[in-house]
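Down below is the structure, laid out as C-alpha cells.
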Amino acid sequence: MALSQNEVLAGLAEIVNEETGIATEAVQLEKSFTDDLDIDSISMMTIVVNAEDKFGVKIPDEEVKNLITVGDAVNFIVAAQ
Amino acid sequence: MSQPTLNQYETVKYSRIYSLGAALGDLTVTNDDIAGPIDSSDEWIRQRTGIITRRRASKDLSLMDMAVSASNEAIAKAGIDPSEIGAVIFSTITHPHQTPSAAALLADKIGANPAPAFDISAACAGYCYGIAQADALVRSGVAKYVLVVGGEKLSDFIDPTDRTISFLLGDGAGAAIVGPSDTPGISPTVWGSDGSHWDAVGMSASLLELRDGTAQWPTLRQEGLTVFKWAVWEMVKVARQALEVAGVTADDLSAIVTHQANIRIIDELAKQLAVPEHVVVARDIVYTGNTSAASVPLAMHALLESGEVKSGGLALQIGFGAGLAFGAQVVVLP
C-alpha cells in the first residue's frame, strides 16, 4: 500500500538522521537539504540510495539535483510509489 | 607415420603474491596548495575526500622512474633474479605514448628483457586486473614469475580548475611479484565492466579533438555522484561475491584494501559491508591522494610497512573506476 506524505516524511527523516545525525524533527518539508540542513552532495546520494531501498522506488541520478527541499524528495517518492 | 603429441604447458596448482614495492611522487601537495583555482578550502576538501595531502611527481620524475623504483623493490624483496620474470604487466592510464607500451620499456629497464610485456587500460581497477592475469599466467605454467605494476602520473592529466576529480589525484607506482605457491594465495577474481557508464569518468576529450583544435589538452573528469553511487552500492555486491568465491567471510580478513578513490567511498563501503572491528580498512588516501591503478598496491604496501597487518593474513582487494571496470580478489598478504 502506498505511503502517505507524512509517512514518507517520517521515514526520510530517519534516513537523514542516520546519515547525518540531524534530529528527525528538524527534517521538515520546506527545509533545503543544502542551505538549511547543510547536507553535502555525497551524503545526499547516500540518503537517496537508502530512500530507494526503504520505499522501493527508483530515483534517477539526474533527478537528484532537482530535489532541493525535503518536500521535493517526499513528493517525488510519493508519486513514484 | 603417427602424428607426434604436442607439448603443452605444465600447470601449477597455486599462486601467491611474493612481495610488493612502492614509489610515490616526490612532492607533498597540501589542500591549500590547490584550493585557490577551485574556489575551495582545506576544510571543504578534507570533508568531502578525506585527503590532507597528496603526493605528486615533479617534472623530472617520470611515471617510468616510479615504476622502475617500485619494481626493483618488489624484485629484491621476492628474492628472485629479474631474468626469471616471465611476463611484465603494467596497468596505467597515464603512459604518455599511445605506443609502444610502458611495460616493454619497464621490462628492459629492470633487467627482465626479453620477457613478454604489455599494458592494461583498466584505470583504477587495473592492478586487480593485473593480478588476475598474473595468477592465470603462473598457474597455467606460461610464466614462473610475473611482475604486475599499477602506476600513474595523473598530475600530467589534471585541470587545476576542475572541481570533479583533479584535486583528488596523486602520483605513484606499486609493484607486485606473483609466482608459484604450495598453498592457495590468490582467490578467483570477480571482475567485469559496465560500458553503459563509459562517460561517467575519463578524459575530457580525445586526442583527435586535440589534433583538430576543437579541444584543449585532455584531462580527467567524472560525474562524481554517479561514480560514488556505483562505487559503493555495486562494489559492495562485488566485494561480497569475492569473499564468497574465495570461501571466506569478512571475519577471516586482516584487511580490506579498496581503491583509494575518496574516503567517503571507503567509509561507506566498509559500513555497507559491516566490516568487523579487527579488520583494518586501508585509508592510504589521506596522505597519498587517489593514485588510480597504483592505489591498491600502495595502500597494501603501507599497511605492511607500518606493521598494521602481518604477512600471511588475508586481504580483500578491490579496484574500481573508469570503464566502468572493477576487479576484486582475496589474497594472502606477502
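Ordered as shown in the C-alpha cells, chains take letters A, B, and onward, while each chain numbers its residues from 1 and ligands are numbered from 1 in the order shown.
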
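Residues of chain A having any atom within 7 Å of chain B, counting only C-alpha atoms, are Ile42, Met45 and Asp61 of chain A.
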
(message) I want to know what sits within 7 Å of Ile89 in chain B, based on only C-alpha atoms, with residues of the same chain fewer than 5 positions away left out; could you give that as a ChimeraX atom specification?
(response) /B:103,117-119,130,147-149

(message) Just the number, please: distance in Å from CA of Ile51 in chain B to CA of Ala122 in chain B, one decimal.
(response) 23.6 Å

Exercise: Ala73 in chain A partners within 12 Å, only C-alpha atoms, chain neighbours under 2 positions left out, as a CSV table (one decimal) with C-alpha atoms, in the first residue's frame:
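Output below, filename out_2.csv:
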```
chain,number,residue,atom,x,y,z
A,5,GLN,CA,3.2,12.1,2.5
A,8,VAL,CA,7.3,9.2,3.7
A,9,LEU,CA,8.5,12.3,5.6
A,11,GLY,CA,10.8,7.6,7.0
A,12,LEU,CA,13.0,10.0,5.2
A,13,ALA,CA,13.7,11.9,8.4
A,16,VAL,CA,18.6,11.7,7.2
A,27,VAL,CA,13.7,17.4,8.8
A,28,GLN,CA,10.7,19.4,7.6
A,29,LEU,CA,9.1,19.7,4.2
A,30,GLU,CA,10.2,23.3,3.5
A,31,LYS,CA,13.8,22.7,4.6
A,32,SER,CA,16.5,22.8,1.9
A,33,PHE,CA,18.9,19.9,2.1
A,44,MET,CA,22.6,13.3,-0.3
A,47,ILE,CA,20.3,9.3,1.5
A,48,VAL,CA,18.9,8.8,-2.0
A,51,ALA,CA,15.4,6.0,0.4
A,52,GLU,CA,15.3,3.9,-2.8
A,55,PHE,CA,10.5,3.0,-0.2
A,57,VAL,CA,11.3,3.4,-5.7
A,58,LYS,CA,13.9,4.4,-8.3
A,59,ILE,CA,15.4,7.9,-8.1
A,63,GLU,CA,16.8,13.7,-10.8
A,64,VAL,CA,18.8,14.2,-7.5
A,65,LYS,CA,19.8,17.7,-8.4
A,66,ASN,CA,16.1,18.7,-8.6
A,67,LEU,CA,15.4,17.6,-5.1
A,68,ILE,CA,16.2,20.9,-3.4
A,69,THR,CA,13.9,20.6,-0.4
A,70,VAL,CA,12.8,17.8,1.8
A,71,GLY,CA,9.3,18.3,0.3
A,75,ASN,CA,6.7,14.4,-3.2
A,76,PHE,CA,8.9,12.5,-5.7
A,77,ILE,CA,8.8,9.4,-3.6
A,78,VAL,CA,5.1,9.6,-3.0
A,79,ALA,CA,4.5,9.9,-6.8
A,80,ALA,CA,7.0,7.2,-7.6
```

(message) Among range 55-270 of chain B, which residues does DSSP mark as helix (DSSP H, G or I) when it is run on the backbone? Keep the chain and numbering as in the structure and answer as a PyMOL selection string.
(response) chain B and resi 63-78+82-84+102-109+123-139+154-157+166-168+195-197+207-211+224-246+250-252+263-270

(request) Give me every strand (DSSP E or B) residue in range 86-148 of chain B, going by DSSP on the backbone, as a list in words. (result)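 Across range 86-148 of chain B, those assigned strand (DSSP E or B) are Gly86, Ala87, Val88, Ile89, Phe90, Ser91, Ala117, Phe118, Asp119, Ile120, Tyr145, Val146, Leu147 and Val148 of chain B.
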
Please produce a file of those selected residues containing C-alpha atoms, as a PDB file, in the first residue's frame.
```pdb
ATOM      1  CA  GLY B  86      58.226 -14.433 -17.380  1.00  0.00           C
ATOM      2  CA  ALA B  87      55.836 -11.519 -18.011  1.00  0.00           C
ATOM      3  CA  VAL B  88      55.547  -7.832 -17.196  1.00  0.00           C
ATOM      4  CA  ILE B  89      52.082  -6.305 -16.879  1.00  0.00           C
ATOM      5  CA  PHE B  90      51.792  -2.550 -16.469  1.00  0.00           C
ATOM      6  CA  SER B  91      48.399  -1.082 -15.547  1.00  0.00           C
ATOM      7  CA  ALA B 117      55.336  -7.196 -21.660  1.00  0.00           C
ATOM      8  CA  PHE B 118      52.034  -5.410 -22.116  1.00  0.00           C
ATOM      9  CA  ASP B 119      49.945  -2.588 -20.673  1.00  0.00           C
ATOM     10  CA  ILE B 120      46.449  -2.825 -19.251  1.00  0.00           C
ATOM     11  CA  TYR B 145      57.113 -15.136 -12.081  1.00  0.00           C
ATOM     12  CA  VAL B 146      55.042 -12.181 -13.237  1.00  0.00           C
ATOM     13  CA  LEU B 147      55.677  -8.542 -12.394  1.00  0.00           C
ATOM     14  CA  VAL B 148      52.463  -6.526 -12.021  1.00  0.00           C
TER      15      VAL B 148
END
```

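You will find CA of Gly313 in chain B at 19.6 Å from CA of Ser295 in chain B.
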
(message) as a PyMOL selection string, please: the residues near Ile165 in chain B (cut-off 7 Å, only C-alpha atoms, same-chain neighbours under 4 positions excluded).
(response) chain B and resi 169+220-222

(request) Quick one: everything within 12 Å of range 200-216 of chain B, counting only C-alpha atoms, minus sequence neighbours fewer than 4 positions away in the same chain. Send it as a PyMOL selection string. (result) (chain A and resi 61) or (chain B and resi 93-94+96-98+121-124+154+157-159+162+164-166+194-196+220-231+292+320-325)

Could you write those residues out with C-alpha atoms, as a PDB file, in the first residue's frame?
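See part_20.pdb below for the written result:
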```pdb
ATOM      1  CA  ASP A  61      20.871  10.219 -10.674  1.00  0.00           C
TER       2      ASP A  61
ATOM      3  CA  ILE B  93      46.241   5.346 -17.920  1.00  0.00           C
ATOM      4  CA  THR B  94      48.994   7.954 -17.894  1.00  0.00           C
ATOM      5  CA  PRO B  96      52.250   9.391 -22.436  1.00  0.00           C
ATOM      6  CA  HIS B  97      52.676   7.264 -25.590  1.00  0.00           C
ATOM      7  CA  GLN B  98      49.847   5.516 -27.424  1.00  0.00           C
ATOM      8  CA  SER B 121      43.992   0.062 -19.538  1.00  0.00           C
ATOM      9  CA  ALA B 122      41.516  -0.576 -16.753  1.00  0.00           C
ATOM     10  CA  ALA B 123      42.121   2.624 -14.778  1.00  0.00           C
ATOM     11  CA  CYS B 124      41.571   2.212 -11.040  1.00  0.00           C
ATOM     12  CA  LEU B 154      47.992  11.659 -13.002  1.00  0.00           C
ATOM     13  CA  PHE B 157      46.359  14.963 -16.884  1.00  0.00           C
ATOM     14  CA  ILE B 158      44.659  17.286 -14.429  1.00  0.00           C
ATOM     15  CA  ASP B 159      42.975  20.660 -14.751  1.00  0.00           C
ATOM     16  CA  ASP B 162      38.271  21.140 -12.285  1.00  0.00           C
ATOM     17  CA  THR B 164      35.132  16.952 -10.097  1.00  0.00           C
ATOM     18  CA  ILE B 165      38.296  14.887  -9.697  1.00  0.00           C
ATOM     19  CA  SER B 166      41.594  16.723 -10.320  1.00  0.00           C
ATOM     20  CA  ASP B 194      29.878  -1.712 -17.414  1.00  0.00           C
ATOM     21  CA  GLY B 195      30.342   0.305 -20.582  1.00  0.00           C
ATOM     22  CA  SER B 196      26.860   1.798 -20.252  1.00  0.00           C
ATOM     23  CA  LEU B 220      40.380  13.729 -16.182  1.00  0.00           C
ATOM     24  CA  ARG B 221      36.733  14.411 -15.354  1.00  0.00           C
ATOM     25  CA  GLN B 222      33.995  12.496 -13.558  1.00  0.00           C
ATOM     26  CA  GLU B 223      30.324  12.547 -12.772  1.00  0.00           C
ATOM     27  CA  GLY B 224      31.065  12.310  -9.092  1.00  0.00           C
ATOM     28  CA  LEU B 225      27.674  11.296  -7.738  1.00  0.00           C
ATOM     29  CA  THR B 226      27.074   8.612 -10.362  1.00  0.00           C
ATOM     30  CA  VAL B 227      30.524   7.181  -9.679  1.00  0.00           C
ATOM     31  CA  PHE B 228      30.028   7.402  -5.913  1.00  0.00           C
ATOM     32  CA  LYS B 229      26.744   5.520  -6.100  1.00  0.00           C
ATOM     33  CA  TRP B 230      28.234   2.781  -8.303  1.00  0.00           C
ATOM     34  CA  ALA B 231      31.467   2.570  -6.305  1.00  0.00           C
ATOM     35  CA  SER B 292      44.255   5.253  -9.729  1.00  0.00           C
ATOM     36  CA  PHE B 320      37.003   0.118  -9.488  1.00  0.00           C
ATOM     37  CA  GLY B 321      36.920   3.022 -11.884  1.00  0.00           C
ATOM     38  CA  ALA B 322      36.784   4.258 -15.444  1.00  0.00           C
ATOM     39  CA  GLY B 323      35.203   1.917 -17.946  1.00  0.00           C
ATOM     40  CA  LEU B 324      33.431   1.399 -15.717  1.00  0.00           C
ATOM     41  CA  ALA B 325      35.646  -1.507 -14.714  1.00  0.00           C
TER      42      ALA B 325
END
```

(request) Could you tell me which of B:Ser83, B:Asn72, B:Thr258, B:Thr189 comes closest to Ala173 in chain B if we count only C-alpha atoms? (result)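 Among B:Ser83, B:Asn72, B:Thr258, B:Thr189, it is B:Asn72 that comes nearest to Ala173 in chain B.
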
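Residues surrounding range 59-61 of chain B within 12 Å are Ala23, Leu24, Gly25, Asp26, Leu27, Asp65, Met66, Ala67, Val68, Ser69, Glu152, Lys153, Ser155, Asp156, Asp171, Gly172 and Ala173 of chain B [only C-alpha atoms; sequence separation below 4 positions excluded].
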
Take the residues from that selection and put them in a file with C-alpha atoms, as a JSON list (two decimals), in the first residue's frame.
```
[["chain", "number", "residue", "atom", "x", "y", "z"],
["B", 23, "ALA", "CA", 57.21, 4.61, -5.07],
["B", 24, "LEU", "CA", 55.47, 7.94, -4.53],
["B", 25, "GLY", "CA", 55.69, 11.33, -6.15],
["B", 26, "ASP", "CA", 58.47, 13.46, -4.65],
["B", 27, "LEU", "CA", 56.26, 16.46, -3.82],
["B", 65, "ASP", "CA", 61.06, 6.32, -12.88],
["B", 66, "MET", "CA", 58.45, 5.50, -10.23],
["B", 67, "ALA", "CA", 57.57, 2.17, -11.87],
["B", 68, "VAL", "CA", 61.23, 1.13, -12.01],
["B", 69, "SER", "CA", 61.75, 2.05, -8.38],
["B", 152, "GLU", "CA", 50.26, 6.70, -12.65],
["B", 153, "LYS", "CA", 51.49, 10.21, -13.11],
["B", 155, "SER", "CA", 49.27, 15.18, -12.42],
["B", 156, "ASP", "CA", 50.09, 15.31, -16.16],
["B", 171, "ASP", "CA", 51.20, 10.17, -8.48],
["B", 172, "GLY", "CA", 52.89, 6.89, -7.62],
["B", 173, "ALA", "CA", 53.55, 3.29, -8.55]]
```
